[in-house]
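Working notes, structure below.
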There are 2 protein chains.
Amino acid sequence: MYSIGAMSKATGVKVPTIRYYEDIGLLRAPGRNAGNQRRYDPHGMQALGFIKHARDLGFALDDIRALMQLNGDLGTDCVEADRIAASQLLNVQARIARLQQLAAELARISHLCDGGNGGQCRVLTALGDHSQCTGAHD
Amino acid sequence: MYSIGAMSKATGVKVPTIRYYEDIGLLRAPGRNAGNQRRYDPHGMQALGFIKHARDLGFALDDIRALMQLNGDLGTDCVEADRIAASQLLNVQARIARLQQLAAELARISHLCDGGNGGQCRVLTALGDHSQCTGAHD
DNA sequence: GTAATTGCTCTAGTCCCTAGAGGTTCAAGA
DNA sequence: TCTTGAACCTCTAGGGACTAGAGCAATTAC
């Protein structure tokens with residue numbers, strides 16, 4: 001039986017966040033000891049680890065909820081789980097592509113600074129004027 | 001003189017968002033016409049364009065506030081503006097690196113699905129077990 | 001036995017908007 | 001000129017995923 005603090009240390013999820021997950025019904029409420037403190041069993045620990053890992057991979061809490069439900073069902077629906085994972089992969093790839101455009105634009109803008117203060121800062125000018133952009137960043 | 005709707009169309013910032021920017025003091029409150037509706041001048045338009053562009057580049061509103069203040073000062077502080085832009089570039093690059101690790105991990109997990117339902121779904125297993133991960137994604 | 005740590009609940013705040021209610025003003029056509 | 005429909009106004013609340021803090025109770029270590 002683990003206290004909430006032990007769970008937090010073991011998984012890397014902060015204590016208030018664990019309580020939050022319980023509040024929104026993502027993590028089942030565990031039993032309590034005589035002093036009304038949460039006491040988790042290994043199943044609870046595994047569930048929290050699953051959530052943490054999926055969060056680290058960028059899944060939304062609603063996705064995780066769906067994945068956990070699949071996990072709970074007998075005859076686990078592999079096709080659906082794979083669909084969610086694949087969609088998340090696409091999502092992440094799209095975000096990467098977009099960020100790469102932004103990085104290119106920022107690098108360009110950043111290099112405009114000549115260190116001097118001769119009137120107008122070209123970094124600021126570039127930020128104000130989208131038409132100076134080389135790529136279509138948005 | 002532009003109405004708020006004209007500003008929205010010209011810059012791509014939604015009407016409630018423009019009012020929000022005014023609320024938080026990012027965009028100066030414009031004058032009003034006889035019927036209490038906002039009327040913007042070209043300066044206001046330019047300011048909103050600046051905000052939009054900077055937001056598209058991923059700057060936080062607080063950064064934008066700082067940049068606009070620099071822009072307003074005489075003897076515009078190019079060094080400070082460049083510092084903010086460079087820091088934002090680092091930020092974006094770090095996010096890209098992290099997302100690329102996630103994408104690799106997700107691609108690996110996604111390929112575990114063999115389409116069958118032979119007991120346990122390996123996608124779900126992989127999500128639950130961080131130790132299966134190839135790279136240190138977090 | 002006492003002090004420090006950990007735990008409890010509850011409320012409110014973060015960021016950046018978005019949605020909706022309920023009302024007023026404007027612009028264009030008949 | 002009148003009417004209609006779009007655009008505008010203020011205000012409040014919600015969203016996602018937490019985070020922070022107050023004020024108190026329980027546990028743990030010495």
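Identifiers in the structure tokens: chain A, B, ... in order shown; residue index from 1 per chain; ligand index from 1 in order shown.
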Write down, as JSON, numbers by chain, each residue of chain A that has any atom within 12 Å of an atom of chain D, counting only C-alpha atoms (C1' of nucleotides). {"A": [3, 13, 14, 15, 16, 17, 18, 19, 20, 21, 24, 33, 34, 35, 36, 37, 38, 55, 58, 59, 60, 61, 62]}
Please identify which residues in chain B DSSP calls strand (DSSP E or B) from the backbone, and express them as JSON, numbers by chain. {"B": [2, 31, 32, 38, 39, 40]}
Output the selection as a short mmCIF file (atom, residue, chain, number, x, y, z; two decimals), in the first residue's frame - N, CA, C and O atoms for each residue.
```
data_model
loop_
_atom_site.label_atom_id
_atom_site.label_comp_id
_atom_site.auth_asym_id
_atom_site.auth_seq_id
_atom_site.Cartn_x
_atom_site.Cartn_y
_atom_site.Cartn_z
N TYR B 2 -11.31 52.42 -38.52
CA TYR B 2 -11.78 51.05 -38.75
C TYR B 2 -12.65 50.57 -37.59
O TYR B 2 -12.35 50.82 -36.42
N GLY B 31 -10.65 55.21 -29.59
CA GLY B 31 -11.80 56.08 -29.37
C GLY B 31 -13.10 55.37 -29.72
O GLY B 31 -13.10 54.27 -30.25
N ARG B 32 -14.19 56.02 -29.37
CA ARG B 32 -15.51 55.45 -29.67
C ARG B 32 -16.28 56.43 -30.53
O ARG B 32 -16.07 57.64 -30.45
N ARG B 38 -16.10 50.91 -30.98
CA ARG B 38 -14.67 51.19 -31.14
C ARG B 38 -14.33 51.62 -32.56
O ARG B 38 -14.80 51.03 -33.53
N ARG B 39 -13.49 52.64 -32.66
CA ARG B 39 -13.00 53.08 -33.98
C ARG B 39 -11.49 53.22 -33.93
O ARG B 39 -10.94 54.00 -33.14
N TYR B 40 -10.82 52.41 -34.74
CA TYR B 40 -9.35 52.35 -34.72
C TYR B 40 -8.73 53.18 -35.82
O TYR B 40 -9.30 53.31 -36.91
#
```
Go ahead and compute the interatomic distance for atom C1' of DG23 of chain C and atom CA of Glu22 of chain B, in Å to one decimal. 21.6 Å
Distance criterion (only C-alpha atoms): nearest to Asp82 of chain A out of B:Gln100, B:Asp63, B:Thr125, B:Pro42: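 Among the listed residues, the smallest separation from Asp82 of chain A belongs to B:Thr125.
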Using only C-alpha atoms (C1' of nucleotides), I'd like a table of the residues in chain C that come within 12 Å of chain A; for each, show the closest atom pair and its distance in Å rounded to one decimal, ordered by chain and ascending number, as a tab-separated table.
```
residue	atom	partner	partner_atom	distance
C:DT5	C1'	A:Gly5	CA	11.0
C:DT6	C1'	A:Gly5	CA	7.6
C:DG7	C1'	A:Gln37	CA	6.4
C:DC8	C1'	A:Gln37	CA	7.3
C:DT9	C1'	A:Arg19	CA	11.0
```
Could you list, with a cut-off of 6 Å and counting only C-alpha atoms, the residues of chain A near chain B, each shown with its nearest atom pair and the distance in Å rounded to one decimal, rows sorted by chain and ascending number, as JSON lines?
```
{"residue": "A:Phe50", "atom": "CA", "partner": "B:Gly128", "partner_atom": "CA", "distance": 4.2}
{"residue": "A:Leu57", "atom": "CA", "partner": "B:Leu102", "partner_atom": "CA", "distance": 5.6}
{"residue": "A:Cys78", "atom": "CA", "partner": "B:Cys121", "partner_atom": "CA", "distance": 5.2}
{"residue": "A:Asp82", "atom": "CA", "partner": "B:Ser110", "partner_atom": "CA", "distance": 5.9}
{"residue": "A:Leu89", "atom": "CA", "partner": "B:Leu106", "partner_atom": "CA", "distance": 5.8}
{"residue": "A:Ile96", "atom": "CA", "partner": "B:Ile96", "partner_atom": "CA", "distance": 5.7}
{"residue": "A:Leu102", "atom": "CA", "partner": "B:Leu57", "partner_atom": "CA", "distance": 5.6}
{"residue": "A:Ala103", "atom": "CA", "partner": "B:Leu89", "partner_atom": "CA", "distance": 5.9}
{"residue": "A:Leu106", "atom": "CA", "partner": "B:Leu89", "partner_atom": "CA", "distance": 5.8}
{"residue": "A:Ser110", "atom": "CA", "partner": "B:Asp82", "partner_atom": "CA", "distance": 5.9}
{"residue": "A:Cys121", "atom": "CA", "partner": "B:Cys78", "partner_atom": "CA", "distance": 5.2}
{"residue": "A:Gly128", "atom": "CA", "partner": "B:Phe50", "partner_atom": "CA", "distance": 4.2}
```
Restrict the selected residues to N, CA, C and O atoms and save them as a compact mmCIF listing (two decimals), in the first residue's frame.
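Dumped everything to result-v2.txt:
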```txt
# COMPACT_ATOMS: atom_id res chain seq x y z
N PHE A 50 0.86 4.53 -16.36
CA PHE A 50 0.32 4.57 -17.72
C PHE A 50 -0.04 6.00 -18.12
O PHE A 50 0.32 6.50 -19.19
N LEU A 57 4.02 11.47 -23.73
CA LEU A 57 3.99 11.30 -25.18
C LEU A 57 3.02 12.29 -25.83
O LEU A 57 2.79 12.24 -27.03
N CYS A 78 -7.27 -3.62 -30.12
CA CYS A 78 -5.98 -3.17 -30.58
C CYS A 78 -6.12 -2.14 -31.71
O CYS A 78 -5.35 -1.20 -31.80
N ASP A 82 -4.50 1.56 -31.69
CA ASP A 82 -3.55 1.94 -32.72
C ASP A 82 -4.00 3.20 -33.45
O ASP A 82 -3.19 4.06 -33.79
N LEU A 89 0.45 10.58 -33.45
CA LEU A 89 1.71 10.72 -34.19
C LEU A 89 1.59 11.79 -35.26
O LEU A 89 2.46 12.65 -35.41
N ILE A 96 5.62 19.59 -35.24
CA ILE A 96 7.05 19.73 -35.56
C ILE A 96 7.23 20.58 -36.81
O ILE A 96 8.04 21.52 -36.83
N LEU A 102 8.59 28.23 -37.81
CA LEU A 102 8.77 29.34 -36.88
C LEU A 102 10.23 29.54 -36.54
O LEU A 102 10.72 30.68 -36.49
N ALA A 103 10.94 28.45 -36.33
CA ALA A 103 12.36 28.55 -35.97
C ALA A 103 13.13 29.23 -37.09
O ALA A 103 13.99 30.09 -36.84
N LEU A 106 12.33 32.90 -36.97
CA LEU A 106 12.95 33.55 -35.82
C LEU A 106 14.44 33.70 -36.02
O LEU A 106 15.03 34.72 -35.66
N SER A 110 16.28 37.18 -35.94
CA SER A 110 17.27 37.37 -34.90
C SER A 110 18.59 37.89 -35.49
O SER A 110 19.30 38.67 -34.87
N CYS A 121 15.05 49.54 -34.82
CA CYS A 121 15.53 48.17 -34.64
C CYS A 121 14.91 47.29 -35.69
O CYS A 121 13.69 47.22 -35.84
N GLY A 128 6.96 43.33 -36.85
CA GLY A 128 5.75 44.09 -37.17
C GLY A 128 5.28 43.88 -38.60
O GLY A 128 4.14 44.14 -38.92
```
Atom CA of Gln69 of chain B to atom CA of His43 of chain B, distance in Å rounded to a single decimal: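 One can read the atom CA of Gln69 of chain B to atom CA of His43 of chain B distance as 14.4 Å.
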